[in-house]
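Chemist: File name target.cif; file contents mmCIF, C-alpha atoms and all ligand atoms; full text below.
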data_entry
loop_
_atom_site.label_atom_id
_atom_site.label_comp_id
_atom_site.auth_asym_id
_atom_site.auth_seq_id
_atom_site.Cartn_x
_atom_site.Cartn_y
_atom_site.Cartn_z
CA MET F 1 58.98 93.05 102.78
CA PRO F 2 62.02 94.49 104.51
CA ARG F 3 64.92 92.45 103.22
CA ARG F 4 67.52 93.07 105.86
CA PRO F 5 69.08 96.06 107.59
CA ASN F 6 71.64 96.47 104.82
CA HIS F 7 72.75 94.55 101.82
CA HIS F 8 75.64 92.97 103.66
CA SER F 9 73.66 90.40 105.55
CA ALA F 10 72.61 87.86 102.93
CA GLU F 11 74.53 84.71 102.60
CA ALA F 12 75.67 82.09 100.19
CA ALA F 13 77.75 78.99 99.92
CA SER F 14 78.09 75.82 97.96
CA THR F 15 74.85 74.17 96.98
CA PRO F 16 74.17 70.74 95.61
CA ASN F 17 73.15 72.25 92.29
CA SER F 18 76.40 74.15 91.66
CA SER F 19 77.34 73.34 88.09
CA PRO F 20 80.63 71.63 87.37
CA ALA F 21 82.82 73.56 84.93
CA SER F 22 81.84 71.45 81.95
CA GLU F 23 78.07 71.70 82.44
CA PRO F 24 76.43 74.24 80.14
CA ALA F 25 75.32 77.32 82.02
CA THR F 26 71.80 78.69 82.02
CA GLN F 27 70.92 80.47 78.82
CA PRO F 28 71.42 84.19 79.39
CA ILE F 29 68.50 86.46 78.68
CA LEU F 30 70.09 89.77 77.97
CA PRO F 31 68.70 92.89 79.58
CA PRO F 32 66.79 95.04 77.09
CA ALA F 33 68.86 97.77 75.42
CA PRO F 34 68.16 101.27 76.84
CA ASP F 35 66.14 102.53 73.89
CA VAL F 36 64.28 99.41 72.83
CA PRO F 37 60.67 99.06 74.06
CA THR F 38 60.21 95.84 75.98
CA ALA F 39 57.29 93.78 77.30
CA LEU F 40 59.24 93.53 80.58
CA LEU F 41 58.48 97.21 81.18
CA GLY F 42 55.00 97.33 79.64
CA ASN F 43 56.39 98.24 76.20
CA LEU F 44 58.36 101.16 77.52
CA SER F 45 62.05 101.25 76.79
CA PRO F 46 64.33 101.07 79.86
CA SER F 47 65.21 104.74 79.25
CA GLN F 48 61.52 105.75 79.32
CA PHE F 49 60.89 103.62 82.38
CA MET F 50 63.84 105.15 84.24
CA ARG F 51 62.76 108.66 83.32
CA ARG F 52 59.08 108.29 84.15
CA TYR F 53 58.84 105.72 86.96
CA TRP F 54 62.18 104.82 88.58
CA GLN F 55 62.23 106.22 92.14
CA LYS F 56 59.09 108.20 91.24
CA LYS F 57 55.88 106.21 91.01
CA PRO F 58 54.51 102.66 90.89
CA LEU F 59 53.90 100.84 87.61
CA LEU F 60 51.78 97.75 87.05
CA ILE F 61 52.95 95.69 84.08
CA ARG F 62 50.64 92.97 82.82
CA GLN F 63 52.47 90.03 81.22
CA ALA F 64 55.94 91.46 81.74
CA ILE F 65 57.22 87.91 81.21
CA PRO F 66 54.55 85.89 79.38
CA ASN F 67 54.53 82.11 80.02
CA ILE F 68 56.84 82.55 82.97
CA VAL F 69 58.32 79.44 84.54
CA PRO F 70 59.22 79.96 88.23
CA PRO F 71 63.03 79.91 88.47
CA LEU F 72 62.69 77.34 91.26
CA SER F 73 59.83 74.99 92.03
CA ARG F 74 58.18 75.15 95.44
CA ASP F 75 60.08 72.04 96.56
CA GLU F 76 63.40 73.43 95.34
CA LEU F 77 62.71 76.62 97.29
CA PHE F 78 61.93 74.58 100.42
CA GLU F 79 65.20 72.65 99.91
CA LEU F 80 67.13 75.92 99.77
CA ALA F 81 65.41 77.12 102.94
CA ASP F 82 66.82 74.05 104.70
CA GLN F 83 70.42 75.10 104.07
CA GLU F 84 72.51 76.72 106.75
CA GLU F 85 74.01 79.38 104.43
CA VAL F 86 70.69 80.54 103.02
CA GLU F 87 68.74 83.39 104.58
CA ALA F 88 65.16 82.20 104.99
CA ARG F 89 62.29 83.55 107.08
CA LEU F 90 58.92 82.09 107.90
CA ILE F 91 56.09 84.51 108.61
CA THR F 92 52.84 83.20 109.96
CA HIS F 93 49.60 85.03 110.53
CA PHE F 94 47.60 82.44 112.42
CA ARG F 95 44.64 83.47 114.60
CA ASN F 96 45.39 87.11 113.82
CA LYS F 97 48.89 86.97 115.34
CA TRP F 98 52.05 87.81 113.37
CA GLN F 99 55.07 85.62 114.02
CA LEU F 100 58.51 85.52 112.45
CA GLU F 101 61.08 82.73 112.53
CA HIS F 102 64.49 82.52 110.93
CA GLY F 103 65.69 79.44 109.02
CA PRO F 104 67.09 77.01 108.20
CA PHE F 105 63.84 75.05 108.05
CA ALA F 106 63.67 71.30 107.60
CA PRO F 107 60.72 70.41 105.34
CA ASP F 108 58.71 69.11 108.32
CA GLU F 109 59.24 72.42 110.16
CA LEU F 110 57.21 74.32 107.59
CA PRO F 111 53.42 74.39 107.98
CA SER F 112 51.44 72.32 105.52
CA ALA F 113 50.60 73.97 102.19
CA LYS F 114 46.95 73.41 103.09
CA GLN F 115 47.19 75.60 106.16
CA ARG F 116 46.26 79.17 105.30
CA GLY F 117 48.11 82.34 106.26
CA TRP F 118 51.84 81.66 106.09
CA THR F 119 54.70 82.64 103.87
CA LEU F 120 58.32 81.60 103.40
CA LEU F 121 60.80 84.21 102.17
CA VAL F 122 64.15 83.15 100.77
CA GLN F 123 66.68 85.90 100.20
CA GLY F 124 69.62 85.99 97.76
CA VAL F 125 68.38 83.08 95.63
CA ASP F 126 70.52 84.40 92.75
CA LEU F 127 73.62 83.42 94.74
CA HIS F 128 72.51 79.82 94.88
CA ASP F 129 70.91 79.08 91.57
CA ASP F 130 71.83 80.00 87.98
CA ARG F 131 68.18 80.22 86.88
CA ALA F 132 67.53 82.81 89.57
CA ARG F 133 70.70 84.68 88.59
CA ALA F 134 69.49 84.66 84.94
CA LEU F 135 66.19 86.25 86.01
CA LEU F 136 68.02 88.96 87.94
CA ASP F 137 70.17 89.62 84.86
CA ARG F 138 67.09 90.78 82.94
CA PHE F 139 67.09 93.84 85.21
CA ARG F 140 70.65 94.90 84.38
CA PHE F 141 69.37 98.00 82.65
CA VAL F 142 69.89 99.36 86.16
CA PRO F 143 73.60 99.54 87.13
CA ASP F 144 74.95 96.48 88.97
CA ALA F 145 76.04 98.88 91.71
CA ARG F 146 72.33 99.25 92.57
CA LEU F 147 71.11 95.72 91.90
CA ASP F 148 70.89 93.73 95.10
CA ASP F 149 69.29 90.33 95.00
CA LEU F 150 66.40 88.11 94.07
CA MET F 151 64.12 87.09 96.91
CA ILE F 152 61.51 84.40 96.30
CA SER F 153 58.46 83.99 98.48
CA TYR F 154 56.09 81.11 98.69
CA ALA F 155 52.71 81.75 100.33
CA SER F 156 49.84 79.49 101.23
CA ASP F 157 46.31 80.81 100.60
CA THR F 158 45.84 84.25 102.29
CA GLY F 159 49.56 84.34 103.17
CA GLY F 160 51.49 87.62 103.12
CA VAL F 161 53.77 89.72 105.26
CA GLY F 162 51.31 92.44 106.23
CA ALA F 163 50.97 96.01 104.96
CA HIS F 164 54.38 97.67 105.08
CA PHE F 165 56.78 99.88 103.16
CA ASP F 166 60.32 99.26 102.02
CA SER F 167 63.22 101.65 101.71
CA TYR F 168 64.37 100.40 98.32
CA ASP F 169 62.99 100.00 94.81
CA VAL F 170 61.50 96.63 94.04
CA PHE F 171 59.98 94.74 91.11
CA LEU F 172 57.40 92.23 92.40
CA LEU F 173 57.07 89.57 89.75
CA GLN F 174 54.30 87.02 90.12
CA VAL F 175 55.66 83.63 89.04
CA LYS F 176 53.01 81.17 90.24
CA GLY F 177 49.41 81.49 91.39
CA LYS F 178 47.68 84.77 92.14
CA ARG F 179 48.35 87.57 94.60
CA ARG F 180 46.22 90.60 95.36
CA TRP F 181 48.37 93.71 95.79
CA ARG F 182 47.01 96.84 97.40
CA ILE F 183 49.19 99.94 97.46
CA SER F 184 49.13 103.45 98.84
CA ALA F 185 51.27 106.58 98.64
CA GLN F 186 50.12 107.51 102.17
CA LYS F 187 52.32 109.78 104.25
CA ASP F 188 51.54 108.06 107.55
CA LEU F 189 54.11 105.29 107.80
CA THR F 190 53.67 104.63 111.54
CA LEU F 191 54.29 100.98 112.39
CA GLN F 192 52.37 98.80 114.80
CA ALA F 193 54.35 98.51 118.02
CA GLY F 194 55.48 95.23 119.54
CA LEU F 195 55.37 93.09 116.40
CA PRO F 196 58.31 90.98 115.17
CA LEU F 197 57.88 92.51 111.68
CA LYS F 198 57.16 95.92 110.19
CA VAL F 199 53.38 96.21 109.80
CA LEU F 200 51.72 99.59 109.21
CA GLN F 201 49.33 100.82 111.84
CA ASN F 202 46.94 102.50 109.39
CA PHE F 203 46.99 101.17 105.87
CA GLU F 204 44.76 103.08 103.47
CA PRO F 205 44.95 101.34 100.10
CA GLU F 206 44.45 103.57 97.07
CA GLN F 207 44.82 101.03 94.26
CA GLU F 208 44.55 97.28 93.99
CA TRP F 209 45.15 94.57 91.43
CA VAL F 210 45.26 90.79 91.29
CA LEU F 211 48.56 89.74 89.72
CA GLU F 212 48.72 86.53 87.72
CA PRO F 213 51.84 84.64 86.59
CA GLY F 214 53.98 86.91 84.42
CA ASP F 215 52.50 90.16 85.82
CA MET F 216 54.82 92.54 87.65
CA LEU F 217 54.49 95.55 89.93
CA TYR F 218 57.27 98.13 90.27
CA LEU F 219 57.33 100.08 93.54
CA PRO F 220 59.66 102.92 94.43
CA PRO F 221 60.78 103.28 98.06
CA HIS F 222 58.22 104.16 100.73
CA ILE F 223 55.07 103.14 98.84
CA ALA F 224 52.91 101.24 101.32
CA HIS F 225 51.94 97.79 100.02
CA ASP F 226 50.23 94.58 101.04
CA GLY F 227 50.25 91.41 98.95
CA ILE F 228 47.83 88.64 99.85
CA ALA F 229 47.98 85.22 98.19
CA GLU F 230 44.79 84.02 96.54
CA GLY F 231 45.48 80.30 96.72
CA GLU F 232 49.09 79.07 96.88
CA CYS F 233 51.47 81.44 95.12
CA MET F 234 55.07 82.38 94.48
CA THR F 235 56.45 85.90 93.99
CA CYS F 236 59.93 86.96 92.95
CA SER F 237 61.13 90.24 94.31
CA ILE F 238 63.98 91.92 92.49
CA GLY F 239 65.43 94.37 94.96
CA PHE F 240 67.89 97.23 94.75
CA ARG F 241 70.30 98.25 97.41
CA ALA F 242 70.10 101.69 98.86
CA PRO F 243 72.63 102.21 101.65
CA SER F 244 71.71 105.06 103.94
CA GLU F 245 73.75 108.25 103.85
CA SER F 246 75.02 107.57 107.36
CA GLU F 247 76.12 104.04 106.40
CA LEU F 248 77.93 105.38 103.33
CA THR F 249 79.63 108.06 105.38
CA ALA F 250 80.73 105.65 108.10
CA GLN F 251 81.98 103.06 105.60
CA PHE F 252 83.79 105.69 103.54
CA LEU F 253 85.59 107.12 106.56
CA TYR F 254 86.57 103.61 107.58
CA HIS F 255 87.91 102.95 104.06
CA LEU F 256 89.83 106.21 104.14
CA ALA F 257 91.32 105.44 107.55
CA GLU F 258 92.40 101.97 106.38
CA ARG F 259 93.98 103.42 103.24
CA GLY F 260 95.64 106.14 105.31
CA GLU F 261 97.15 103.52 107.58
CA ALA F 262 98.27 101.49 104.62
CA ALA F 263 100.03 104.57 103.25
CA GLY F 264 101.61 105.23 106.67
CA LYS F 265 99.81 108.56 106.96
CA THR F 266 98.17 108.10 110.32
CA GLY F 267 101.23 107.03 112.26
CA ALA F 268 101.63 110.42 114.02
CA LEU F 269 100.58 110.33 117.67
CA TYR F 270 98.46 112.83 119.47
CA ARG F 271 100.73 115.10 121.51
CA ASP F 272 100.10 117.62 124.32
CA PRO F 273 103.44 118.90 125.64
CA ARG F 274 101.73 122.01 127.03
CA GLN F 275 99.11 120.17 129.10
CA SER F 276 99.10 121.63 132.61
CA ALA F 277 98.29 119.78 135.84
CA VAL F 278 94.53 119.69 136.54
CA GLU F 279 92.29 119.86 139.57
CA ARG F 280 89.26 118.32 137.78
CA PRO F 281 90.63 115.21 136.03
CA ALA F 282 87.23 114.10 134.70
CA GLU F 283 86.81 117.25 132.65
CA LEU F 284 87.50 116.90 128.92
CA PRO F 285 90.11 119.58 128.14
CA ALA F 286 88.85 122.20 125.69
CA ALA F 287 92.32 122.27 124.12
CA LEU F 288 92.03 118.57 123.35
CA VAL F 289 88.77 119.11 121.46
CA GLU F 290 90.40 121.94 119.56
CA ARG F 291 93.51 119.96 118.64
CA VAL F 292 91.56 116.93 117.48
CA GLY F 293 89.37 119.30 115.47
CA ALA F 294 92.51 120.55 113.73
CA ILE F 295 93.62 116.96 112.98
CA LEU F 296 90.20 116.11 111.51
CA ALA F 297 90.15 119.27 109.45
CA ARG F 298 93.25 117.96 107.66
CA VAL F 299 91.43 114.83 106.42
CA ARG F 300 91.32 115.11 102.64
CA TRP F 301 89.97 112.95 99.85
CA ASN F 302 89.50 113.16 96.16
CA GLU F 303 87.14 111.67 93.61
CA GLN F 304 89.38 108.65 93.09
CA ASP F 305 89.14 107.82 96.82
CA ILE F 306 85.36 107.90 96.51
CA ALA F 307 85.35 105.70 93.40
CA SER F 308 87.77 103.24 95.03
CA PHE F 309 85.62 103.11 98.13
CA LEU F 310 82.43 102.51 96.16
CA GLY F 311 84.02 99.90 93.92
CA THR F 312 85.43 97.84 96.77
CA TYR F 313 82.41 98.32 99.04
CA LEU F 314 79.80 97.49 96.41
CA SER F 315 81.67 94.54 94.93
CA GLU F 316 82.34 92.98 98.32
CA PRO F 317 80.48 89.67 98.50
CA LYS F 318 77.89 89.36 101.24
CA PRO F 319 79.49 88.16 104.48
CA SER F 320 78.94 84.44 104.23
CA VAL F 321 79.42 84.01 100.50
CA VAL F 322 81.69 81.07 99.94
CA PHE F 323 83.04 80.42 96.47
CA ASP F 324 83.41 76.85 95.23
CA PRO F 325 86.92 76.52 93.78
CA PRO F 326 87.28 73.62 91.33
CA GLN F 327 88.19 70.44 93.19
CA ARG F 328 90.87 69.49 90.70
CA PRO F 329 91.79 72.76 89.01
CA LEU F 330 93.27 72.68 85.53
CA ASN F 331 96.80 74.03 85.34
CA GLU F 332 97.20 77.27 83.42
CA ALA F 333 98.02 75.62 80.07
CA ARG F 334 94.99 73.33 80.28
CA PHE F 335 92.82 76.17 81.48
CA ILE F 336 93.87 78.20 78.41
CA ALA F 337 93.10 75.25 76.14
CA ALA F 338 89.68 74.70 77.75
CA ALA F 339 88.70 78.39 77.73
CA SER F 340 89.84 78.66 74.09
CA LYS F 341 87.26 76.04 73.24
CA GLN F 342 84.45 76.82 75.68
CA GLY F 343 84.87 80.46 76.74
CA LEU F 344 84.40 81.71 80.30
CA ARG F 345 81.66 82.99 82.53
CA LEU F 346 81.59 84.78 85.86
CA ASP F 347 80.44 82.65 88.75
CA ARG F 348 76.93 83.71 89.76
CA LYS F 349 78.32 85.04 93.07
CA THR F 350 81.05 87.15 91.48
CA ASN F 351 80.74 90.92 91.50
CA LEU F 352 82.85 92.67 88.88
CA LEU F 353 82.65 96.45 88.55
CA TYR F 354 84.94 98.95 86.88
CA GLU F 355 85.51 102.66 86.51
CA ARG F 356 88.03 104.92 84.75
CA ARG F 357 91.20 103.63 86.39
CA PHE F 358 90.39 100.55 88.40
CA PHE F 359 88.31 97.46 88.36
CA PHE F 360 86.89 95.78 91.40
CA VAL F 361 86.34 92.09 91.72
CA ASN F 362 84.74 90.65 94.83
CA GLY F 363 85.94 93.53 97.01
CA GLU F 364 89.48 93.73 95.54
CA GLU F 365 90.70 96.78 93.69
CA ILE F 366 93.00 96.26 90.70
CA ALA F 367 94.53 99.01 88.57
CA TRP F 368 93.89 98.05 84.98
CA GLY F 369 96.32 100.57 83.51
CA GLY F 370 95.46 100.64 79.84
CA ALA F 371 92.72 99.71 77.42
CA LYS F 372 91.22 96.54 78.79
CA LYS F 373 88.19 96.18 76.62
CA TRP F 374 88.04 92.46 77.34
CA LEU F 375 87.50 93.27 80.98
CA PHE F 376 84.66 95.70 80.33
CA ASP F 377 83.04 93.08 78.10
CA LEU F 378 83.44 90.33 80.69
CA ALA F 379 82.00 92.60 83.40
CA ASN F 380 79.06 93.74 81.27
CA HIS F 381 78.20 90.36 79.71
CA ARG F 382 79.31 88.23 82.68
CA SER F 383 80.62 85.90 80.01
CA MET F 384 83.39 85.70 77.39
CA SER F 385 83.15 83.76 74.14
CA ALA F 386 85.78 81.20 73.21
CA LYS F 387 86.60 83.31 70.17
CA ARG F 388 87.25 86.36 72.34
CA PHE F 389 89.35 84.36 74.77
CA VAL F 390 91.55 83.10 71.92
CA THR F 391 92.48 86.71 71.09
CA LEU F 392 93.80 87.09 74.66
CA SER F 393 95.34 83.68 75.10
CA HIS F 394 98.86 84.93 74.30
CA ASP F 395 98.71 87.78 76.77
CA SER F 396 100.26 86.02 79.74
CA PRO F 397 99.40 88.57 82.49
CA VAL F 398 95.74 88.27 81.37
CA THR F 399 95.67 84.48 81.27
CA ALA F 400 97.50 84.33 84.62
CA LEU F 401 94.90 86.65 86.16
CA LEU F 402 91.97 84.73 84.71
CA HIS F 403 93.52 81.44 85.80
CA GLU F 404 93.85 82.84 89.33
CA TRP F 405 90.15 83.78 89.31
CA TYR F 406 89.27 80.33 87.99
CA CYS F 407 91.26 78.66 90.80
CA ALA F 408 89.41 80.86 93.33
CA GLY F 409 86.03 79.81 91.91
CA TRP F 410 85.29 83.36 90.69
CA ILE F 411 84.99 82.36 87.04
CA GLN F 412 84.20 79.11 85.33
CA VAL F 413 85.06 77.54 82.02
CA GLY F 414 82.11 77.50 79.61
CA GLU F 415 80.46 80.72 78.51
CA LEU F 416 76.78 81.49 79.03
CA ALA F 417 75.75 79.73 75.84
C1 LIG I 501 57.37 92.49 99.50
O1 LIG I 501 56.36 92.95 99.97
O2 LIG I 501 58.33 93.24 99.38
C2 LIG I 501 57.43 91.04 99.04
C3 LIG I 501 56.71 90.17 99.97
C4 LIG I 501 56.35 88.84 99.42
O3 LIG I 501 56.86 88.38 98.38
O4 LIG I 501 55.53 88.20 100.07
CO CO I 502 57.74 94.90 100.52
#
What does the file become when written as structure tokens?
Ligand code: SIN
Ligand code: CO
Modeler:
Amino acid sequence: MPRRPNHHSAEAASTPNSSPASEPATQPILPPAPDVPTALLGNLSPSQFMRRYWQKKPLLIRQAIPNIVPPLSRDELFELADQEEVEARLITHFRNKWQLEHGPFAPDELPSAKQRGWTLLVQGVDLHDDRARALLDRFRFVPDARLDDLMISYASDTGGVGAHFDSYDVFLLQVKGKRRWRISAQKDLTLQAGLPLKVLQNFEPEQEWVLEPGDMLYLPPHIAHDGIAEGECMTCSIGFRAPSESELTAQFLYHLAERGEAAGKTGALYRDPRQSAVERPAELPAALVERVGAILARVRWNEQDIASFLGTYLSEPKPSVVFDPPQRPLNEARFIAAASKQGLRLDRKTNLLYERRFFFVNGEEIAWGGAKKWLFDLANHRSMSAKRFVTLSHDSPVTALLHEWYCAGWIQVGELA
């Protein structure tokens, strides 16, 4: 199902189930190491999977996660869909007519579970729930820069979103009940006109399977697919962001212009001291086009500009993400004492990326200037043990920085146990 036009439109905010600092976090399930075969990928190692299937061809994996427990129950999903900050959509296919509504949905606004042919899609569940975030973390054998979000769908019997294609890679993990997936590598991706959602005009399925809880289907972009619930079911969709080339170009140029302004480079004004008087004022002067062409030809960038752009752009939280700072924050000394005992973890909404010279936290770029192994570890594990923190606790710029992040709600005391 198309998630949204780009990855910047999902939302988040405080939820009733946000854990207080002292509450133990959800047990992390580490992503499989690149060269270790894993049930998650049908006993391929992540390296083999990436080489053979990623962006190339579909893969059905039976019992990718045996004995799976849905990260949220149906009722918890419905509760999320009732929140203002959560992106939820209801798709109905009643009497052969597709309809789409956007949430929030009060429980009595959703059709009854007994009524056939509807589905509720909730986007960005990982931003709202630690169990959902933990499920997404299993897929961190793909760089965080590509990982987008976890969408959970609930469907009544025969519910689905119609045959369609997506423009990103997706793992469709069945977590409750059964769903029949039919897929096709067809070239004809023409959509039916006049519908509120993307439904293919001619769907010619080539393969089909019924997925049971724990089964998973990987689809690269542009594979046509249609998933129909057989009885009530829930599906988790782990999606990857894939900004278009034109979006990347536009955003990069914007970033460059902003940086240029910040560095005082773009202060020079356009000048035309040789402009003569004209008879046809509406005509765009050819000399103007030429001069602006010369200005644009002077725009320069280097690899660091590109890395800085990508780091800030990709770590920027989605527009309505709201962090929950602690209500009564510990002062720095107490924070150090608490983290020395309990360790730290990144808030589930925090994005922390790094590259050779900078790290990027929630859209901010910080020069790390030196060997900051602790930072790489925190970014890669999303957690820091108490023991590790103790080794840093006398480095005051580090503790001041971490305390600042704690006060902003970006990290919490208590490691992922
Ligand atoms: C998808 O087709 O991408 C997921 C739709 C669903 O979970 O119903
Ligand atoms: Co889809």
Chemist: List the neighbours of Gln275 of chain F out to 12 Å using all atoms listed in the file; skip same-chain residues closer than 3 positions along the sequence, and give me the result as a ChimeraX atom specification.
Modeler: /F:271-272,278,285-288,291
Chemist: Can you write out the residues you just picked, keeping C-alpha atoms, as a PDB file, in the coordinates of the input?
Modeler:
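Dumped to part_19.pdb:
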ATOM      1  CA  ARG F 271     100.730 115.100 121.510  1.00  0.00           C
ATOM      2  CA  ASP F 272     100.100 117.620 124.320  1.00  0.00           C
ATOM      3  CA  VAL F 278      94.530 119.690 136.540  1.00  0.00           C
ATOM      4  CA  PRO F 285      90.110 119.580 128.140  1.00  0.00           C
ATOM      5  CA  ALA F 286      88.850 122.200 125.690  1.00  0.00           C
ATOM      6  CA  ALA F 287      92.320 122.270 124.120  1.00  0.00           C
ATOM      7  CA  LEU F 288      92.030 118.570 123.350  1.00  0.00           C
ATOM      8  CA  ARG F 291      93.510 119.960 118.640  1.00  0.00           C
TER       9      ARG F 291
END
Chemist: Show me the residues around (93.4, 90.6, 80.5) - criterion: an atom at most 7 Å away, all atoms listed in the file counted - as a ChimeraX atom specification.
Modeler: /F:372,374-375,392,397-399
Chemist: Which chains and residue numbers are within 6 Å of ligand LIG 501 (chain I), counting all atoms listed in the file, if I want them as number ranges by chain?
Modeler: F: 1, 153, 160-161, 235
Chemist: Go through F:Gly227, F:Pro66, F:Pro319, F:Pro46 and flag the residue nearest Glu208 of chain F, using only C-alpha atoms for the distances.
Modeler: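 Checking each of F:Gly227, F:Pro66, F:Pro319, F:Pro46 against Glu208 of chain F, counting only C-alpha atoms, the winner is F:Gly227.
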Chemist: Which of these, F:Trp301, F:Trp410, F:Phe360, F:Tyr168, has the shortest distance to ligand CO 502 (chain I) once you count only C-alpha atoms and all ligand atoms?
Modeler: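 Between F:Trp301, F:Trp410, F:Phe360, F:Tyr168, the residue approaching ligand CO 502 (chain I) most closely is F:Tyr168.
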Chemist: Can you report as JSON the centre and edge lengths in Å, to one decimal, of an axis-aligned box around the listed atoms of segment 232-251 of chain F padded with 3 Å on each side?
Modeler:
{"center_x": 65.5, "center_y": 93.7, "center_z": 100.3, "size_x": 38.9, "size_y": 35.2, "size_z": 21.6}
Chemist: Between atom CA of Phe105 of chain F and atom CA of Glu85 of chain F, measure the distance and give it in Å to one decimal.
Modeler: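 That distance, rounded to one decimal, is 11.6 Å.
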Chemist: For Tyr270 of chain F, which of F:Gly293, F:Glu283, F:His164, F:Ile228 is the closest residue, counting all atoms listed in the file?
Modeler: F:Gly293
Chemist: Within 12 Å of ligand CO 502 (chain I), counting all atoms listed in the file: which residues, as an MDAnalysis selection string?
Modeler: chainID F and resid 1:4 121 151:153 160:172 181:183 197:200 217:228 235:240
Chemist: Got a sec: who's within 8 Å of Phe309 of chain F, counting all atoms listed in the file, leaving out chain neighbours fewer than 5 positions off, as an MDAnalysis selection string?
Modeler: chainID F and resid 252 255:256
Chemist: Wanna dump the segment 284-325 of chain F-segment 128-131 of chain F contacts at 12 Å for me, each residue with its shortest atom pair and the distance in Å to one decimal, counting only C-alpha atoms, ordered by chain and number, as a tab-separated table?
Modeler:
residue	atom	partner	partner_atom	distance
F:Val321	CA	F:His128	CA	9.8
F:Val322	CA	F:His128	CA	10.6
F:Phe323	CA	F:His128	CA	10.7
F:Asp324	CA	F:His128	CA	11.3
Chemist: F:Lys56, F:Asp35, F:Gly194, F:Gln251: which is nearest Trp98 of chain F, counting all atoms listed in the file?
Modeler: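 With all atoms listed in the file as the atom set, the closest residue is F:Gly194.
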Chemist: I'd like the contact shell of Glu415 of chain F - 8 Å cut-off, all atoms listed in the file, skipping same-chain residues fewer than 5 positions apart - returned as a list in words.
Modeler: Pro24, Ala25, Gln342, Gly343, Leu344, Arg345, Ser383, Met384, Ser385 and Ala386 of chain F
Chemist: Measuring atom to atom with only C-alpha atoms, identify which of F:Lys341, F:Leu120, F:Phe49, F:Gln207 is nearest to Asp82 of chain F.
Modeler: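 For Asp82 of chain F, the nearest of the candidates is F:Leu120.
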Chemist: Atom CA of Ala81 of chain F to atom CA of Thr119 of chain F: how many Å, to one decimal?
Modeler: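 It comes out at 12.1 Å.
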Chemist: Rank nothing, just name the residue among F:Ala367, F:Ile306, F:Val86, F:Leu40 nearest to Met216 of chain F, using all atoms listed in the file.
Modeler: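 Of the candidates, the smallest distance to Met216 of chain F is held by F:Leu40.
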Chemist: Would you work out the distance separating atom CA of Leu401 of chain F from atom CA of Ala134 of chain F, expressed in Å to one decimal?
Modeler: 25.5 Å
Chemist: Neighbours of segment 406-409 of chain F within 10 Å (all atoms listed in the file; same-chain residues fewer than 6 positions away dropped), as a ChimeraX atom specification?
Modeler: /F:21,322-332,335,344-347,349-350,400
Chemist: Tell me which protein, DNA and RNA residues are within 8 Å of Gln99 of chain F, counting only C-alpha atoms, leaving out same-chain ones fewer than 5 positions away, and put them as a PDB file with C-alpha atoms, keeping the file's coordinate frame.
Modeler:
ATOM      1  CA  ILE F  91      56.090  84.510 108.610  1.00  0.00           C
ATOM      2  CA  THR F  92      52.840  83.200 109.960  1.00  0.00           C
ATOM      3  CA  HIS F  93      49.600  85.030 110.530  1.00  0.00           C
ATOM      4  CA  LEU F 195      55.370  93.090 116.400  1.00  0.00           C
ATOM      5  CA  PRO F 196      58.310  90.980 115.170  1.00  0.00           C
ATOM      6  CA  LEU F 197      57.880  92.510 111.680  1.00  0.00           C
TER       7      LEU F 197
END
